[in-house]
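Before any comments, here is the structure.
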Amino acid sequence: MVKVKVINRQEEDYTKERSQDLNKVHRNYDPNLHQLERAHEYNRALNAAKLDRVFAKPFIAALPHDDGITALARNPRSLNSIVSGAADGDIRIWDVALKRTLRRLVGHTGAVRGIAFAPDGETAVSCSTDCTVKLWKVPYAPFESGEVQQDAEPVFEFQGKNAFRGIDHHWCRNTFATAGSVVDIWDHTRSEPINTFTWGSDTITSARFNPAEPDVFATTGSDRGLVLYDLRISTPVRKLIMQTRSNALAWNPMEAFNFTLANEDSCLYTFDMRKLKSALCVHKDFVSAVMDVDYSPTGREFVAGGGGPPGGGGAQVG
C-alpha cells in the first residue's frame, strides 16, 4: 500500500483579478523557520536610520570641489558667503543661498591649510603647504541668479621659509598670524613678518585670536602644547602641556578668558586662561579624535566635529 500526499490549492487564490493587482504572497510566520529574523530586522532598521540621516532636512546641498576640502571660513559680514580651500590649491567663494560658485581664487600650488577673513569681510588671507600666504579681495554675493566663474588673482603674496599649517586674522587690525615651524605675525602692507614667536622646535598646527581681547591669541602644537601669546610683548606668555595632542581651539566670544580645545583623546576641554591647572569642563561623547571646534556668536553653544561610530564621523553641539 502506497501513501500519497497531494498539495491542493485554489487557483483563484493566486490569480490576479486585474492586471494592476499585486501578487499575493503567503508567508509562514513560524519562528523556527526564521531564526535570523531579528538580525535581518536590525540591519534593516540600521540602514533606514542611516538613510534618514543622509536625507535629513539639515542637509541642504553639496558644494563640490575637485579634491578634498582642507579649509573653510565664513564671511563675518555676509551670511550667504563662505570660502573653501582644497588639497589641490583651489579656493572657491560660494553663494550659499543659491548654491553656486561666485569666484575661483587661483594662486596656490599646494594644499590650502587655512583661510581667514579680515574684519571688514572684503579681504581674506589663505596659507598653503607651498610656503606662501596670499591676500584676496572677496566679492560680495549678488542676488541675481547665474554662475560667476571668472578666476581671480591674489592682491598680494607673502613668502615664508616653511610650509604653513594654519592662519587667523586679527579682529581689529590689518594683521594676521600664521602657524608653521614658528608663529609669524604679518601686516597687509609688508612682505616680511613684523614679529616672530617660538617656544620649542615642534610644528605649530593652529592659531586663534581672542575676539574679546584681540591682542591675545593661542596656538596648538604637535608637542601636545598650548601656548598663549600677547602682541603687546615680544615673548610668549604661558605654555600648557596636555596628555594628548590638541587639533584645534576656539575662544568664547562672550567670555574673554575661556577657550575650548579639541583633543585627540575624543574629548573637548574648556579652560580659563587665568587658571590652566585644571579644565573648567570636559565634554565627552566622541569615540575618536575631535578635529575641530567653533563657538556660536552668543558664546553659549559650540559645535565640534571629529570621529564617530564605524561608517563615518560626526558633528556634535555642546
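Residue numbering restarts at 1 in every chain; chains get A, B, ... in the order shown in the C-alpha cells, and ligands count up from 1 in that same order.
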
Selection near Ile93 in chain A, 10 Å with only C-alpha atoms, sequence-local residues under 6 positions removed, as a ChimeraX atom specification
/A:73-75,81-85,100-105,138-141,148-149

Given only C-alpha atoms as the basis, pick out the residue of A:Ser128, A:Thr15, A:Thr175, A:Ser78 nearest to Gly110 in chain A.
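Closest candidate: A:Ser128.
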
Would you write out, as a tab-separated table, a table of all residues in range 99-143 of chain A that have an atom no more than 12 Å from an atom of range 194-206 of chain A, listing for each the closest atom pair and the distance in Å to one decimal, considering only C-alpha atoms and ordering rows by chain and rising residue number?
residue	atom	partner	partner_atom	distance
A:Arg113	CA	A:Thr205	CA	9.6
A:Gly114	CA	A:Ser206	CA	8.8
A:Ile115	CA	A:Ser206	CA	11.4
A:Ala116	CA	A:Ser206	CA	12.0
A:Cys127	CA	A:Ser206	CA	11.6

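Within the 9 Å cut-off around Arg173 in chain A, using only C-alpha atoms and omitting residues fewer than 5 positions from it on the same chain, the listed residues are Ala118, Pro119, Asp187 and Pro214 of chain A.
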
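Atom to atom, CA of Asp90 in chain A and CA of Lys57 in chain A stand 29.0 Å apart.
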
List every residue of range 19-263 of chain A that DSSP, applied to the backbone of this structure, places in strand (DSSP E or B), and write the result as number ranges by chain.
A: 69-74, 81-86, 91-95, 100-105, 112-117, 123-128, 132-137, 151-152, 156-159, 166-169, 175-179, 183-187, 195-197, 204-209, 216-221, 225-230, 238-241, 246-251, 258-263

Which one of A:Tyr229, A:Leu51, A:Asn247, A:Glu157 sits closest to Ile185 in chain A if you count only C-alpha atoms?
A:Tyr229

Residue nearest Asn174 in chain A among A:Leu228, A:Val125, A:Leu22, A:Val54 (counting only C-alpha atoms)
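Between A:Leu228, A:Val125, A:Leu22, A:Val54, the residue approaching Asn174 in chain A most closely is A:Val125.
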
Skipping near chain neighbours, those fewer than 5 positions away, what residues fall within 8 Å of range 266-276 of chain A using only C-alpha atoms, listed as an mmCIF file with all heavy atoms, in the first residue's frame?
data_model
loop_
_atom_site.group_PDB
_atom_site.id
_atom_site.type_symbol
_atom_site.label_atom_id
_atom_site.label_comp_id
_atom_site.auth_asym_id
_atom_site.auth_seq_id
_atom_site.Cartn_x
_atom_site.Cartn_y
_atom_site.Cartn_z
ATOM 1 N N LEU A 240 50.983 75.282 28.162
ATOM 2 C CA LEU A 240 50.332 74.180 28.849
ATOM 3 C C LEU A 240 50.543 72.914 28.031
ATOM 4 O O LEU A 240 50.297 72.908 26.825
ATOM 5 C CB LEU A 240 48.829 74.458 29.021
ATOM 6 C CG LEU A 240 47.967 73.292 29.522
ATOM 7 C CD1 LEU A 240 48.310 72.968 30.972
ATOM 8 C CD2 LEU A 240 46.479 73.639 29.391
ATOM 9 N N PHE A 257 38.128 85.124 28.779
ATOM 10 C CA PHE A 257 39.184 84.283 29.344
ATOM 11 C C PHE A 257 39.014 82.805 28.984
ATOM 12 O O PHE A 257 39.933 82.019 29.232
ATOM 13 C CB PHE A 257 39.205 84.424 30.875
ATOM 14 C CG PHE A 257 39.484 85.823 31.343
ATOM 15 C CD1 PHE A 257 38.482 86.613 31.880
ATOM 16 C CD2 PHE A 257 40.762 86.356 31.242
ATOM 17 C CE1 PHE A 257 38.746 87.906 32.308
ATOM 18 C CE2 PHE A 257 41.033 87.649 31.674
ATOM 19 C CZ PHE A 257 40.024 88.427 32.204
ATOM 20 N N ASN A 258 37.888 82.418 28.434
ATOM 21 C CA ASN A 258 37.604 80.997 28.248
ATOM 22 C C ASN A 258 37.825 80.564 26.801
ATOM 23 O O ASN A 258 37.500 81.287 25.857
ATOM 24 C CB ASN A 258 36.166 80.680 28.650
ATOM 25 C CG ASN A 258 35.925 80.891 30.137
ATOM 26 O OD1 ASN A 258 36.870 81.072 30.903
ATOM 27 N ND2 ASN A 258 34.674 80.878 30.542
ATOM 28 N N PHE A 259 38.339 79.353 26.640
ATOM 29 C CA PHE A 259 38.514 78.754 25.325
ATOM 30 C C PHE A 259 38.322 77.240 25.447
ATOM 31 O O PHE A 259 38.395 76.684 26.538
ATOM 32 C CB PHE A 259 39.896 79.074 24.735
ATOM 33 C CG PHE A 259 41.052 78.585 25.564
ATOM 34 C CD1 PHE A 259 41.577 77.317 25.378
ATOM 35 C CD2 PHE A 259 41.618 79.403 26.533
ATOM 36 C CE1 PHE A 259 42.643 76.863 26.147
ATOM 37 C CE2 PHE A 259 42.678 78.958 27.302
ATOM 38 C CZ PHE A 259 43.190 77.686 27.110
ATOM 39 N N THR A 260 38.075 76.598 24.302
ATOM 40 C CA THR A 260 37.829 75.159 24.265
ATOM 41 C C THR A 260 38.803 74.508 23.304
ATOM 42 O O THR A 260 39.020 74.994 22.189
ATOM 43 C CB THR A 260 36.386 74.862 23.835
ATOM 44 O OG1 THR A 260 35.490 75.437 24.793
ATOM 45 C CG2 THR A 260 36.133 73.363 23.760
ATOM 46 N N LEU A 261 39.392 73.382 23.735
ATOM 47 C CA LEU A 261 40.340 72.627 22.935
ATOM 48 C C LEU A 261 39.691 71.362 22.399
ATOM 49 O O LEU A 261 38.973 70.663 23.113
ATOM 50 C CB LEU A 261 41.560 72.229 23.772
ATOM 51 C CG LEU A 261 42.533 73.331 24.196
ATOM 52 C CD1 LEU A 261 43.560 72.766 25.160
ATOM 53 C CD2 LEU A 261 43.218 73.935 22.994
ATOM 54 N N CYS A 281 35.609 72.417 32.279
ATOM 55 C CA CYS A 281 34.633 71.397 31.896
ATOM 56 C C CYS A 281 35.271 70.490 30.848
ATOM 57 O O CYS A 281 36.064 70.945 30.020
ATOM 58 C CB CYS A 281 33.362 72.052 31.346
ATOM 59 S SG CYS A 281 32.030 70.882 30.993
ATOM 60 N N VAL A 282 34.916 69.215 30.912
ATOM 61 C CA VAL A 282 35.360 68.228 29.926
ATOM 62 C C VAL A 282 34.129 67.679 29.226
ATOM 63 O O VAL A 282 33.220 67.157 29.875
ATOM 64 C CB VAL A 282 36.158 67.091 30.586
ATOM 65 C CG1 VAL A 282 36.613 66.082 29.528
ATOM 66 C CG2 VAL A 282 37.353 67.643 31.349
ATOM 67 N N HIS A 283 34.079 67.814 27.919
ATOM 68 C CA HIS A 283 32.938 67.364 27.133
ATOM 69 C C HIS A 283 33.292 66.039 26.466
ATOM 70 O O HIS A 283 34.281 65.952 25.727
ATOM 71 C CB HIS A 283 32.557 68.401 26.073
ATOM 72 C CG HIS A 283 32.292 69.759 26.647
ATOM 73 N ND1 HIS A 283 31.037 70.176 27.051
ATOM 74 C CD2 HIS A 283 33.126 70.793 26.916
ATOM 75 C CE1 HIS A 283 31.108 71.401 27.524
ATOM 76 N NE2 HIS A 283 32.372 71.810 27.449
ATOM 77 N N LYS A 284 32.487 65.008 26.710
ATOM 78 C CA LYS A 284 32.739 63.674 26.192
ATOM 79 C C LYS A 284 31.530 63.176 25.410
ATOM 80 O O LYS A 284 30.418 63.363 25.823
ATOM 81 C CB LYS A 284 33.020 62.692 27.332
ATOM 82 C CG LYS A 284 34.189 63.065 28.230
ATOM 83 C CD LYS A 284 34.353 62.054 29.342
ATOM 84 C CE LYS A 284 35.527 62.401 30.255
ATOM 85 N NZ LYS A 284 35.684 61.414 31.340
ATOM 86 N N ASP A 285 31.787 62.578 24.273
ATOM 87 C CA ASP A 285 30.768 61.821 23.533
ATOM 88 C C ASP A 285 31.317 61.303 22.220
ATOM 89 O O ASP A 285 30.694 60.492 21.566
ATOM 90 C CB ASP A 285 29.505 62.646 23.252
ATOM 91 C CG ASP A 285 28.285 61.748 23.068
ATOM 92 O OD1 ASP A 285 28.391 60.578 23.424
ATOM 93 O OD2 ASP A 285 27.251 62.210 22.559
ATOM 94 N N PHE A 286 32.494 61.778 21.817
ATOM 95 C CA PHE A 286 33.107 61.254 20.605
ATOM 96 C C PHE A 286 33.781 59.915 20.902
ATOM 97 O O PHE A 286 34.156 59.635 22.046
ATOM 98 C CB PHE A 286 34.146 62.239 20.056
ATOM 99 C CG PHE A 286 33.550 63.433 19.365
ATOM 100 C CD1 PHE A 286 33.323 64.615 20.059
ATOM 101 C CD2 PHE A 286 33.206 63.382 18.030
ATOM 102 C CE1 PHE A 286 32.788 65.722 19.429
ATOM 103 C CE2 PHE A 286 32.660 64.485 17.392
ATOM 104 C CZ PHE A 286 32.447 65.647 18.091
ATOM 105 N N VAL A 287 33.948 59.104 19.870
ATOM 106 C CA VAL A 287 34.631 57.829 20.021
ATOM 107 C C VAL A 287 35.974 57.829 19.299
ATOM 108 O O VAL A 287 36.667 56.813 19.268
ATOM 109 C CB VAL A 287 33.758 56.669 19.491
ATOM 110 C CG1 VAL A 287 32.486 56.558 20.284
ATOM 111 C CG2 VAL A 287 33.456 56.849 18.008
ATOM 112 N N SER A 288 36.338 58.966 18.713
ATOM 113 C CA SER A 288 37.636 59.109 18.063
ATOM 114 C C SER A 288 38.087 60.561 18.225
ATOM 115 O O SER A 288 37.427 61.345 18.914
ATOM 116 C CB SER A 288 37.536 58.719 16.584
ATOM 117 O OG SER A 288 38.814 58.712 15.986
ATOM 118 N N ALA A 289 39.200 60.907 17.605
ATOM 119 C CA ALA A 289 39.787 62.236 17.791
ATOM 120 C C ALA A 289 38.823 63.334 17.355
ATOM 121 O O ALA A 289 38.141 63.219 16.336
ATOM 122 C CB ALA A 289 41.081 62.347 16.998
ATOM 123 N N VAL A 290 38.779 64.418 18.131
ATOM 124 C CA VAL A 290 37.996 65.605 17.779
ATOM 125 C C VAL A 290 38.892 66.497 16.942
ATOM 126 O O VAL A 290 39.982 66.885 17.365
ATOM 127 C CB VAL A 290 37.498 66.344 19.028
ATOM 128 C CG1 VAL A 290 36.532 67.448 18.647
ATOM 129 C CG2 VAL A 290 36.825 65.374 19.989
ATOM 130 N N GLY A 307 35.776 62.131 14.841
ATOM 131 C CA GLY A 307 35.475 60.732 14.577
ATOM 132 C C GLY A 307 34.188 60.304 15.248
ATOM 133 O O GLY A 307 33.837 60.756 16.339
#

Which distance in Å separates CA of Phe164 in chain A and CA of Ser181 in chain A, to one decimal?
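The value is 7.8 Å.
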